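Undergrad: Just one file: structure.cif, with mmCIF, C-alpha atoms and all ligand atoms.
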```cif
data_entry
#
loop_
_atom_site.label_atom_id
_atom_site.label_comp_id
_atom_site.auth_asym_id
_atom_site.auth_seq_id
_atom_site.Cartn_x
_atom_site.Cartn_y
_atom_site.Cartn_z
CA MET A 1 0.00 0.00 0.00
CA HIS A 2 1.32 3.43 -0.98
CA SER A 3 0.88 5.94 1.81
CA ILE A 4 1.73 9.64 1.53
CA SER A 5 4.96 10.74 3.15
CA ALA A 6 6.18 14.33 3.50
CA ASN A 7 8.25 14.08 0.31
CA ASP A 8 5.23 12.87 -1.68
CA ILE A 9 3.35 16.11 -1.18
CA GLY A 10 2.93 18.16 -4.30
CA ILE A 11 1.71 21.68 -5.00
CA GLY A 12 -1.72 20.24 -5.85
CA TYR A 13 -2.08 18.65 -2.42
CA GLU A 14 -1.50 21.93 -0.57
CA THR A 15 -3.66 23.86 -3.05
CA ALA A 16 -6.60 21.47 -2.65
CA LYS A 17 -6.22 21.27 1.13
CA TRP A 18 -6.09 25.02 1.79
CA ILE A 19 -8.94 25.84 -0.58
CA ALA A 20 -11.03 23.12 1.09
CA MET A 21 -10.01 24.39 4.55
CA MET A 22 -11.44 27.78 3.55
CA GLY A 23 -14.79 26.06 3.04
CA ALA A 24 -14.95 25.06 -0.64
CA THR A 25 -15.94 21.64 -1.93
CA VAL A 26 -12.87 20.40 -3.80
CA ILE A 27 -12.65 17.55 -6.26
CA ILE A 28 -9.17 16.19 -6.75
CA ALA A 29 -8.91 14.55 -10.16
CA CYS A 30 -6.05 12.05 -9.93
CA ARG A 31 -4.94 8.89 -11.64
CA SER A 32 -4.48 6.80 -8.48
CA GLN A 33 -7.50 6.29 -6.24
CA GLU A 34 -5.31 4.88 -3.48
CA ARG A 35 -2.95 7.89 -3.41
CA ALA A 36 -5.90 10.28 -3.61
CA GLN A 37 -7.75 8.61 -0.71
CA ASN A 38 -4.60 8.65 1.40
CA ALA A 39 -4.16 12.34 0.57
CA ILE A 40 -7.76 13.10 1.57
CA GLU A 41 -7.32 11.32 4.91
CA ARG A 42 -4.14 13.29 5.56
CA MET A 43 -5.86 16.57 4.64
CA LYS A 44 -8.60 15.83 7.17
CA THR A 45 -6.06 15.21 9.92
CA GLU A 46 -4.21 18.41 9.06
CA PHE A 47 -7.50 20.34 9.00
CA GLN A 48 -8.19 19.22 12.55
CA ALA A 49 -4.70 20.32 13.59
CA GLU A 50 -5.24 23.79 12.05
CA LYS A 51 -8.59 24.06 13.85
CA ASP A 52 -6.91 23.12 17.13
CA LYS A 53 -4.40 25.94 16.51
CA HIS A 54 -7.30 28.36 15.74
CA THR A 55 -5.73 29.24 12.39
CA GLU A 56 -7.35 32.34 10.93
CA GLY A 57 -9.65 31.92 7.91
CA ILE A 58 -10.31 28.23 8.45
CA SER A 59 -13.84 26.93 7.92
CA GLU A 60 -15.79 25.95 11.01
CA THR A 61 -17.28 22.84 9.39
CA ASP A 62 -16.70 19.48 11.08
CA THR A 63 -14.97 17.93 8.14
CA LEU A 64 -13.36 18.85 4.82
CA HIS A 65 -15.33 18.44 1.61
CA VAL A 66 -12.73 16.84 -0.64
CA GLU A 67 -13.68 14.16 -3.13
CA PHE A 68 -11.82 12.05 -5.63
CA MET A 69 -12.55 11.51 -9.33
CA GLN A 70 -10.37 9.33 -11.51
CA VAL A 71 -8.49 10.73 -14.51
CA ASP A 72 -5.35 9.78 -16.37
CA LEU A 73 -4.29 12.78 -18.43
CA ALA A 74 -2.13 10.53 -20.60
CA SER A 75 -5.30 8.95 -22.02
CA LEU A 76 -7.96 10.97 -23.84
CA ARG A 77 -10.40 8.11 -23.26
CA SER A 78 -9.87 8.49 -19.52
CA VAL A 79 -10.23 12.28 -19.74
CA LYS A 80 -13.52 11.80 -21.60
CA SER A 81 -14.82 9.44 -18.86
CA PHE A 82 -13.84 11.99 -16.20
CA ILE A 83 -15.64 14.77 -18.07
CA GLU A 84 -18.75 12.60 -18.37
CA GLU A 85 -18.64 11.61 -14.70
CA PHE A 86 -18.37 15.23 -13.64
CA ARG A 87 -21.03 16.40 -16.06
CA SER A 88 -23.51 13.71 -15.04
CA SER A 89 -23.08 14.68 -11.37
CA GLY A 90 -24.93 17.91 -12.24
CA ARG A 91 -22.54 19.96 -10.14
CA GLN A 92 -21.59 23.56 -10.62
CA LEU A 93 -17.93 24.46 -11.11
CA HIS A 94 -16.42 27.76 -10.00
CA THR A 95 -12.69 27.16 -10.27
CA LEU A 96 -10.73 24.79 -12.48
CA ILE A 97 -7.07 24.42 -11.53
CA CYS A 98 -4.95 22.71 -14.18
CA ASN A 99 -2.07 21.68 -11.93
CA ALA A 100 -1.06 18.10 -12.73
CA GLY A 101 2.09 17.82 -14.76
CA ILE A 102 5.33 16.06 -15.53
CA ALA A 103 8.68 17.61 -16.28
CA MET A 104 11.57 16.77 -18.57
CA HIS A 105 10.29 13.29 -19.30
CA PRO A 106 12.21 11.19 -21.81
CA GLN A 107 10.63 11.00 -25.27
CA HIS A 108 7.44 8.98 -24.97
CA TYR A 109 4.14 8.79 -26.87
CA THR A 110 0.71 8.22 -25.37
CA GLU A 111 -1.94 5.77 -26.59
CA ASP A 112 -3.32 8.80 -28.50
CA ASP A 113 0.04 9.19 -30.23
CA ASN A 114 0.86 12.50 -28.60
CA GLU A 115 4.18 13.41 -27.00
CA LEU A 116 3.58 12.71 -23.30
CA MET A 117 4.28 16.19 -21.82
CA PHE A 118 2.29 17.87 -24.61
CA GLN A 119 -0.73 15.75 -23.73
CA VAL A 120 -0.50 15.59 -19.91
CA ASN A 121 0.54 19.19 -19.27
CA TYR A 122 -1.52 20.88 -21.97
CA LEU A 123 -3.80 18.99 -24.36
CA SER A 124 -5.84 17.03 -21.79
CA HIS A 125 -6.33 20.20 -19.74
CA PHE A 126 -7.49 21.94 -22.93
CA LEU A 127 -10.10 19.19 -23.43
CA ILE A 128 -11.30 19.43 -19.83
CA ALA A 129 -11.55 23.23 -19.99
CA ALA A 130 -13.43 23.14 -23.30
CA HIS A 131 -16.07 20.81 -21.85
CA PHE A 132 -16.29 22.50 -18.46
CA ILE A 133 -16.62 26.09 -19.73
CA PRO A 134 -20.35 25.62 -20.55
CA ILE A 135 -20.86 24.37 -16.96
CA MET A 136 -18.83 27.28 -15.51
CA LYS A 137 -20.85 29.79 -17.53
CA LYS A 138 -23.87 28.72 -15.49
CA SER A 139 -22.09 28.45 -12.14
CA GLY A 140 -21.81 32.02 -10.84
CA ASP A 141 -20.56 35.54 -11.46
CA ASP A 142 -16.89 34.89 -10.83
CA CYS A 143 -15.48 31.66 -12.24
CA ARG A 144 -11.79 31.09 -12.78
CA ILE A 145 -9.50 28.78 -14.76
CA ILE A 146 -5.91 28.64 -13.54
CA ASN A 147 -3.09 27.03 -15.50
CA VAL A 148 -0.09 26.02 -13.42
CA SER A 149 2.71 26.82 -15.85
CA SER A 150 6.44 27.34 -15.29
CA GLU A 151 9.36 29.66 -15.93
CA ALA A 152 10.50 26.88 -18.27
CA ILE A 153 8.51 28.85 -20.88
CA LYS A 154 11.64 31.01 -21.13
CA VAL A 155 13.58 28.17 -22.79
CA ALA A 156 10.73 27.05 -25.05
CA THR A 157 10.51 27.43 -28.79
CA PHE A 158 7.35 27.39 -30.88
CA ASP A 159 7.10 25.40 -34.08
CA ILE A 160 3.96 23.47 -35.00
CA SER A 161 5.90 21.26 -37.42
CA THR A 162 8.00 19.83 -34.56
CA ILE A 163 5.31 19.96 -31.87
CA GLN A 164 5.34 16.18 -31.33
CA GLY A 165 9.13 15.91 -31.33
CA LYS A 166 9.04 13.11 -33.88
CA GLN A 167 12.06 14.52 -35.72
CA SER A 168 14.12 13.65 -32.61
CA THR A 169 15.54 10.36 -31.49
CA PRO A 170 15.27 9.27 -27.84
CA GLU A 171 18.95 10.25 -27.54
CA ASN A 172 18.65 13.83 -28.84
CA PHE A 173 15.09 14.64 -27.68
CA ASP A 174 15.42 17.99 -25.88
CA ARG A 175 13.50 17.22 -22.69
CA LEU A 176 13.78 20.72 -21.18
CA ASN A 177 12.65 22.40 -24.40
CA TYR A 178 9.64 20.07 -24.73
CA TYR A 179 8.70 20.61 -21.08
CA GLY A 180 8.99 24.36 -21.66
CA ARG A 181 6.90 24.07 -24.81
CA SER A 182 4.07 22.28 -22.95
CA LYS A 183 4.04 25.06 -20.34
CA LEU A 184 4.17 27.70 -23.10
CA TYR A 185 1.03 26.19 -24.64
CA GLN A 186 -0.80 26.68 -21.33
CA ILE A 187 0.02 30.41 -21.50
CA MET A 188 -0.96 30.64 -25.17
CA GLN A 189 -4.22 28.86 -24.39
CA MET A 190 -4.86 31.38 -21.60
CA TYR A 191 -4.66 34.29 -24.09
CA LYS A 192 -6.82 32.54 -26.69
CA LEU A 193 -9.46 31.34 -24.21
CA ASN A 194 -9.67 34.82 -22.69
CA ARG A 195 -10.44 36.24 -26.13
CA CYS A 196 -13.22 33.65 -26.46
CA LEU A 197 -14.46 34.39 -22.94
CA GLN A 198 -14.25 38.21 -23.10
CA GLY A 199 -17.29 39.67 -21.33
CA SER A 200 -18.20 36.34 -19.74
CA ASN A 201 -18.13 35.33 -16.07
CA ILE A 202 -14.97 33.21 -16.62
CA THR A 203 -11.38 34.44 -16.47
CA VAL A 204 -8.25 32.47 -17.30
CA SER A 205 -4.95 33.10 -15.48
CA SER A 206 -1.67 31.27 -15.27
CA ILE A 207 1.02 31.00 -12.65
CA HIS A 208 4.59 29.93 -11.96
CA PRO A 209 4.84 28.29 -8.51
CA GLY A 210 8.60 28.79 -8.00
CA ILE A 211 11.25 26.09 -7.57
CA VAL A 212 9.36 23.74 -5.30
CA GLU A 213 10.53 20.62 -3.52
CA THR A 214 8.07 17.99 -4.72
CA GLU A 215 8.16 14.77 -6.69
CA ILE A 216 8.37 16.74 -9.96
CA ASN A 217 11.93 15.43 -10.42
CA ARG A 218 10.79 11.80 -10.62
CA SER A 219 10.95 11.80 -14.43
CA PHE A 220 14.42 13.33 -14.60
CA THR A 221 16.39 11.69 -11.80
CA ASP A 222 18.81 10.52 -14.52
CA LEU A 223 19.71 14.12 -15.46
CA GLY A 224 22.65 14.95 -13.20
CA ARG A 225 22.72 18.68 -14.01
CA TRP A 226 19.17 19.03 -12.73
CA LYS A 227 20.07 17.33 -9.47
CA VAL A 228 22.85 19.92 -9.15
CA PHE A 229 20.41 22.75 -10.04
CA PHE A 230 17.88 21.67 -7.41
CA GLY A 231 20.65 20.99 -4.88
CA LEU A 232 22.14 24.48 -5.40
CA SER A 233 18.70 26.12 -5.28
CA LYS A 234 18.14 24.49 -1.92
CA LEU A 235 21.58 25.51 -0.71
CA ILE A 236 21.06 29.19 -1.52
CA GLY A 237 17.57 29.09 -0.05
CA VAL A 238 15.40 29.77 -3.11
CA THR A 239 13.60 26.42 -2.98
CA LYS A 240 10.02 26.54 -1.74
CA THR A 241 8.04 24.03 0.28
CA PRO A 242 4.88 22.65 -1.41
CA PHE A 243 2.81 25.00 0.76
CA GLU A 244 4.85 28.03 -0.34
CA GLY A 245 4.65 26.79 -3.92
CA ALA A 246 0.85 26.57 -3.67
CA ARG A 247 0.41 30.16 -2.43
CA THR A 248 0.25 31.81 -5.86
CA THR A 249 -2.37 29.34 -7.14
CA ILE A 250 -4.44 29.70 -3.96
CA ASN A 251 -4.29 33.49 -4.17
CA VAL A 252 -5.43 33.49 -7.81
CA ALA A 253 -8.19 31.01 -6.96
CA VAL A 254 -9.71 32.79 -3.95
CA ASN A 255 -8.60 36.43 -3.79
CA PRO A 256 -11.75 38.54 -4.31
CA GLN A 257 -9.61 41.45 -5.58
CA LEU A 258 -8.74 39.38 -8.64
CA ALA A 259 -12.36 38.97 -9.78
CA GLY A 260 -12.71 39.78 -13.46
CA ILE A 261 -8.95 40.02 -14.04
CA ARG A 262 -7.74 37.95 -16.97
CA ASP A 263 -4.61 37.28 -19.02
CA VAL A 264 -2.18 37.58 -16.11
CA TYR A 265 0.75 35.25 -15.46
CA TYR A 266 1.58 35.37 -11.74
CA SER A 267 4.74 34.48 -9.88
CA ASP A 268 5.06 34.99 -6.09
CA CYS A 269 1.44 36.24 -6.16
CA LYS A 270 2.46 39.16 -8.40
CA PRO A 271 2.01 39.70 -12.14
CA ALA A 272 5.07 38.55 -14.09
CA SER A 273 5.96 38.74 -17.75
CA THR A 274 5.48 35.91 -20.20
CA VAL A 275 7.43 35.59 -23.44
CA PRO A 276 6.86 37.25 -26.83
CA ILE A 277 6.24 33.93 -28.66
CA ALA A 278 3.37 33.21 -26.26
CA ARG A 279 1.76 36.61 -26.92
CA LYS A 280 1.95 36.37 -30.71
CA LEU A 281 -1.61 36.03 -32.00
CA GLU A 282 -0.76 33.90 -35.02
CA ASN A 283 1.06 31.38 -32.78
CA GLN A 284 -1.96 31.18 -30.48
CA GLU A 285 -4.29 30.60 -33.42
CA ALA A 286 -1.99 27.96 -34.93
CA LEU A 287 -1.85 26.11 -31.61
CA TRP A 288 -5.63 26.36 -31.23
CA GLU A 289 -6.24 24.85 -34.68
CA TYR A 290 -3.67 22.11 -34.12
CA SER A 291 -5.16 21.26 -30.71
CA LYS A 292 -8.69 21.03 -32.12
CA GLU A 293 -7.41 18.68 -34.81
CA ARG A 294 -5.71 16.43 -32.23
CA LEU A 295 -8.94 16.38 -30.19
CA LYS A 296 -11.37 16.01 -33.08
CA ASP A 297 -12.77 12.70 -31.76
CA TYR A 298 -13.42 14.26 -28.34
CA LEU A 299 -14.58 17.80 -29.09
CA PRO A 300 -18.04 17.90 -30.66
CA GLU A 301 -18.80 20.78 -33.05
CA GLU A 302 -21.25 22.35 -30.59
CA VAL A 303 -18.59 22.58 -27.86
CA ILE A 304 -16.17 24.31 -30.24
CA LYS A 305 -18.92 26.57 -31.53
CA GLU A 306 -19.92 27.64 -28.03
CA LEU A 307 -16.28 28.48 -27.29
CA GLU A 308 -15.52 30.30 -30.51
CA ASP A 309 -18.79 32.16 -30.94
CA ASN A 310 -17.69 34.65 -28.29
CA THR A 311 -14.53 35.60 -30.12
CA PRO A 312 -14.75 39.24 -31.18
CA ILE A 313 -14.38 39.54 -34.97
N1 LIG B 1 8.08 21.73 -8.48
C1 LIG B 1 8.54 22.74 -9.21
O1 LIG B 1 9.66 23.24 -9.00
C2 LIG B 1 7.69 23.32 -10.32
C3 LIG B 1 8.17 24.46 -10.99
C4 LIG B 1 7.40 25.01 -12.01
C5 LIG B 1 6.18 24.44 -12.32
N2 LIG B 1 5.73 23.33 -11.65
C6 LIG B 1 4.44 22.77 -12.06
O2 LIG B 1 3.63 22.58 -10.93
C7 LIG B 1 2.70 21.53 -11.18
C8 LIG B 1 2.65 20.59 -9.98
O3 LIG B 1 3.90 19.95 -9.88
P1 LIG B 1 4.54 19.46 -8.51
O4 LIG B 1 5.82 20.19 -8.35
O5 LIG B 1 3.56 19.47 -7.43
O6 LIG B 1 4.96 17.97 -8.91
P2 LIG B 1 4.41 16.54 -8.41
O7 LIG B 1 4.55 16.44 -6.93
O8 LIG B 1 5.12 15.55 -9.25
O9 LIG B 1 2.87 16.61 -8.77
C9 LIG B 1 2.42 16.43 -10.08
C10 LIG B 1 1.05 15.82 -10.03
O10 LIG B 1 0.64 15.55 -11.39
C11 LIG B 1 0.03 14.30 -11.41
N3 LIG B 1 0.11 13.64 -12.71
C12 LIG B 1 1.21 13.36 -13.44
N4 LIG B 1 0.86 12.68 -14.55
C13 LIG B 1 -0.48 12.54 -14.52
C14 LIG B 1 -1.42 11.90 -15.36
N5 LIG B 1 -1.05 11.25 -16.47
N6 LIG B 1 -2.73 11.95 -15.02
C15 LIG B 1 -3.12 12.57 -13.89
N7 LIG B 1 -2.28 13.18 -13.04
C16 LIG B 1 -0.96 13.14 -13.35
C17 LIG B 1 0.78 13.46 -10.39
O11 LIG B 1 -0.04 12.38 -10.02
P3 LIG B 1 0.50 11.08 -9.20
O12 LIG B 1 0.39 11.48 -7.77
O13 LIG B 1 -0.44 10.00 -9.59
O14 LIG B 1 1.89 10.82 -9.64
C18 LIG B 1 1.01 14.48 -9.27
O15 LIG B 1 -0.08 14.50 -8.39
C19 LIG B 1 3.15 20.86 -12.46
O16 LIG B 1 2.31 21.28 -13.53
C20 LIG B 1 4.55 21.38 -12.67
O17 LIG B 1 4.92 21.45 -14.04
C21 LIG B 1 6.46 22.77 -10.66
#
```
Could you render the structure from this file as structure tokens?
Ligand SMILES: NC(=O)c1ccc[n+]([C@@H]2O[C@H](COP(=O)([O-])OP(=O)(O)OC[C@H]3O[C@@H](n4cnc5c(N)ncnc54)[C@H](OP(=O)(O)O)[C@@H]3O)[C@@H](O)[C@H]2O)c1

TA:
Amino acid sequence: MHSISANDIGIGYETAKWIAMMGATVIIACRSQERAQNAIERMKTEFQAEKDKHTEGISETDTLHVEFMQVDLASLRSVKSFIEEFRSSGRQLHTLICNAGIAMHPQHYTEDDNELMFQVNYLSHFLIAAHFIPIMKKSGDDCRIINVSSEAIKVATFDISTIQGKQSTPENFDRLNYYGRSKLYQIMQMYKLNRCLQGSNITVSSIHPGIVETEINRSFTDLGRWKVFFGLSKLIGVTKTPFEGARTTINVAVNPQLAGIRDVYYSDCKPASTVPIARKLENQEALWEYSKERLKDYLPEEVIKELEDNTPI
């Protein structure tokens, strides 16, 4: 049985826990039911400890409202089942946090024939957002989508013709560049979605959490220079705990002063600058068209139409 130890805690765990501790109902969409249930149990224990300490801003409810739904972002079939499960529950949705991700993974293709980081970090979140936006439009005045991106966008390039990395061999596949690209797409999608959602009750933002000590390095433990980078970051004190890493997401999710604010990329809870290739309209449109094509079996015409109909001409 896999239990959750301190090192297993990711940014998503702290984000879900603190938002739930403030009184929200939180659904954690994860691939492992066992890990998710262990995480929920741990959150409940930690909630009780915060209540015992009389922590400010904590809900007075007896228990946390955190639930699990299954999703594997590396499988579009699984993402579709998750969307259907959520939709058939008839729930409202106020905040969608696209947090799950993998970094600097070796070259690998999913069952949908997409490069793994492209699909997990970006494309599957795109599919979820596209299907959930109609639900969010009916869920309240202030609904928010938050993409957990990364400063790795600064090393990314944009080129649709090499988006799947198939020109590379496993030996020369540039894992940092492809991680950066997947995080760049999240920013580009933010700009495009915001154009579609202009004047609606939904805003899209993105964030960089910082250099955070989590399990993110599990897919690049073979890359010595990254061990050195993380080791040095820790040594000079710039590494964050998962709780510190979750702060920016939590702030963007719950801060009432950010209602109606869109198109911002936050770092340390403050607006930060993205990169010119992300802001270029023709790149955003090219990515949008390519993404729709990759998702054509999962994105019915009416869903696309509802999204695109709001785009100002
Ligand atoms: N840590 C950093 O320094 C850093 C810096 C910049 C950006 N970020 C971003 O922050 C986000 C959270 O990362 P983290 O640092 O908290 O890393 P983490 O501890 O490795 O958490 C990543 C989460 O993504 C989930 N995940 C991975 N593949 C999945 C899949 N196919 N389907 C469903 N879920 C999947 C993992 O699920 P399992 O529990 O099942 O493995 C895990 O819960 C990521 O998007 C990452 O790119 C992190």

Undergrad: Report as a PDB file with C-alpha atoms, in the coordinates of the input which protein, DNA and RNA residues come within 6 Å of ligand LIG 1 (chain B), using all atoms listed in the file.

TA:
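As a result, pocket.pdb now contains:
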```pdb
ATOM      1  CA  ILE A   9       3.350  16.110  -1.180  1.00  0.00           C
ATOM      2  CA  GLY A  10       2.930  18.160  -4.300  1.00  0.00           C
ATOM      3  CA  ILE A  11       1.710  21.680  -5.000  1.00  0.00           C
ATOM      4  CA  GLY A  12      -1.720  20.240  -5.850  1.00  0.00           C
ATOM      5  CA  CYS A  30      -6.050  12.050  -9.930  1.00  0.00           C
ATOM      6  CA  ARG A  31      -4.940   8.890 -11.640  1.00  0.00           C
ATOM      7  CA  SER A  32      -4.480   6.800  -8.480  1.00  0.00           C
ATOM      8  CA  VAL A  71      -8.490  10.730 -14.510  1.00  0.00           C
ATOM      9  CA  ASP A  72      -5.350   9.780 -16.370  1.00  0.00           C
ATOM     10  CA  LEU A  73      -4.290  12.780 -18.430  1.00  0.00           C
ATOM     11  CA  ALA A  74      -2.130  10.530 -20.600  1.00  0.00           C
ATOM     12  CA  ASN A  99      -2.070  21.680 -11.930  1.00  0.00           C
ATOM     13  CA  ALA A 100      -1.060  18.100 -12.730  1.00  0.00           C
ATOM     14  CA  GLY A 101       2.090  17.820 -14.760  1.00  0.00           C
ATOM     15  CA  ILE A 102       5.330  16.060 -15.530  1.00  0.00           C
ATOM     16  CA  ALA A 103       8.680  17.610 -16.280  1.00  0.00           C
ATOM     17  CA  VAL A 120      -0.500  15.590 -19.910  1.00  0.00           C
ATOM     18  CA  VAL A 148      -0.090  26.020 -13.420  1.00  0.00           C
ATOM     19  CA  SER A 149       2.710  26.820 -15.850  1.00  0.00           C
ATOM     20  CA  SER A 150       6.440  27.340 -15.290  1.00  0.00           C
ATOM     21  CA  HIS A 208       4.590  29.930 -11.960  1.00  0.00           C
ATOM     22  CA  PRO A 209       4.840  28.290  -8.510  1.00  0.00           C
ATOM     23  CA  GLY A 210       8.600  28.790  -8.000  1.00  0.00           C
ATOM     24  CA  ILE A 211      11.250  26.090  -7.570  1.00  0.00           C
ATOM     25  CA  VAL A 212       9.360  23.740  -5.300  1.00  0.00           C
ATOM     26  CA  GLU A 213      10.530  20.620  -3.520  1.00  0.00           C
ATOM     27  CA  THR A 214       8.070  17.990  -4.720  1.00  0.00           C
ATOM     28  CA  GLU A 215       8.160  14.770  -6.690  1.00  0.00           C
ATOM     29  CA  ILE A 216       8.370  16.740  -9.960  1.00  0.00           C
TER      30      ILE A 216
END
```

Undergrad: For atom CA of Glu111 of chain A and atom CA of Phe68 of chain A, quote the distance in Å rounded to one decimal.

TA: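 Atom CA of Glu111 of chain A sits 24.0 Å away from atom CA of Phe68 of chain A.
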
Undergrad: Determine the nearest neighbour of Gln164 of chain A from the options A:Lys305, A:Arg279, A:Lys240, A:Arg294, counting all atoms listed in the file.

TA: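 The shortest atom-to-atom distance to Gln164 of chain A comes from A:Arg294.
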
Undergrad: Between A:Gly224, A:Pro134, A:Pro271, A:Gly165, single out the one closest to Leu116 of chain A, counting only C-alpha atoms.

TA: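 When distances to Leu116 of chain A are compared using only C-alpha atoms, the smallest one comes from A:Gly165.
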
Undergrad: Would you list the residues near (4.1, 20.1, -35.7) (no more than 12 Å away, in the coordinates of the file, using only C-alpha atoms) as number ranges by chain?

TA: A: 114-115, 118, 157-167, 181, 286-287, 289-291, 293-294

Undergrad: Tell me, as a VMD selection string, which residues lie within 12 Å of Ile261 of chain A, counting only C-alpha atoms; anything in the same chain fewer than 5 positions away does not count.

TA: chain A and resid 142 to 146 194 197 to 206 252 to 253 255 to 256 266 271

Undergrad: Using only C-alpha atoms, which of A:Ser88, A:Ser81, A:Gln189, A:Asn177 sits nearest Ala29 of chain A?

TA: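 Of A:Ser88, A:Ser81, A:Gln189, A:Asn177, the one nearest Ala29 of chain A is A:Ser81, counting only C-alpha atoms.
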
Undergrad: Atom CA of Ile58 of chain A and atom CA of Met21 of chain A, how far apart in Å?

TA: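 Separating atom CA of Met21 of chain A from atom CA of Ile58 of chain A is a distance of 5.5 Å.
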
Undergrad: Work out how far apart atom CA of Phe86 of chain A and atom CA of Ser139 of chain A are and give it in Å to one decimal.

TA: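 Straight-line distance from atom CA of Phe86 of chain A to atom CA of Ser139 of chain A works out to 13.8 Å.
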
Undergrad: Which residue is closest to His94 of chain A? Choose from A:Glu14, A:Glu301, A:Asp8, A:Asp141 and count only C-alpha atoms.

TA: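 Counting only C-alpha atoms, the residue closest to His94 of chain A is A:Asp141.
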
Undergrad: Measuring atom to atom with only C-alpha atoms, identify which of A:Lys234, A:Arg247, A:Lys192, A:Arg175 is nearest to Met104 of chain A.

TA: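 Of A:Lys234, A:Arg247, A:Lys192, A:Arg175, the one nearest Met104 of chain A is A:Arg175, counting only C-alpha atoms.
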
Undergrad: Write out as a ChimeraX atom specification the residues lying within 12 Å of Arg42 of chain A, counting all atoms listed in the file and excluding same-chain residues fewer than 3 positions away.

TA: /A:3-6,8-9,13-14,16-17,35-39,45-49,64,66

Undergrad: Could you check which of A:Thr248, A:Pro170, A:Phe82, A:Pro106 is closest to Asp222 of chain A, using all atoms listed in the file?

TA: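 The closest residue to Asp222 of chain A is A:Pro106.
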
Undergrad: How would you write as a PyMOL selection string the residues that get within 10 Å of (5.3, 33.4, -29.3) in the file's frame, counting all atoms listed in the file?

TA: chain A and resi 156-159+184-185+187-188+274-284

Undergrad: Deliver the residues from the most recent selection as a file, using C-alpha atoms, as a CSV table (one decimal), in the frame of the given file.

TA:
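Final file, again.csv:
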```csv
chain,number,residue,atom,x,y,z
A,156,ALA,CA,10.7,27.0,-25.0
A,157,THR,CA,10.5,27.4,-28.8
A,158,PHE,CA,7.4,27.4,-30.9
A,159,ASP,CA,7.1,25.4,-34.1
A,184,LEU,CA,4.2,27.7,-23.1
A,185,TYR,CA,1.0,26.2,-24.6
A,187,ILE,CA,0.0,30.4,-21.5
A,188,MET,CA,-1.0,30.6,-25.2
A,274,THR,CA,5.5,35.9,-20.2
A,275,VAL,CA,7.4,35.6,-23.4
A,276,PRO,CA,6.9,37.2,-26.8
A,277,ILE,CA,6.2,33.9,-28.7
A,278,ALA,CA,3.4,33.2,-26.3
A,279,ARG,CA,1.8,36.6,-26.9
A,280,LYS,CA,2.0,36.4,-30.7
A,281,LEU,CA,-1.6,36.0,-32.0
A,282,GLU,CA,-0.8,33.9,-35.0
A,283,ASN,CA,1.1,31.4,-32.8
A,284,GLN,CA,-2.0,31.2,-30.5
```

Undergrad: What lies within 12 Å of Glu306 of chain A using only C-alpha atoms, ignoring chain neighbours under 3 positions off, as JSON, numbers by chain?

TA: {"A": [130, 131, 132, 133, 134, 135, 137, 193, 196, 197, 299, 300, 301, 302, 303, 309, 310, 311]}
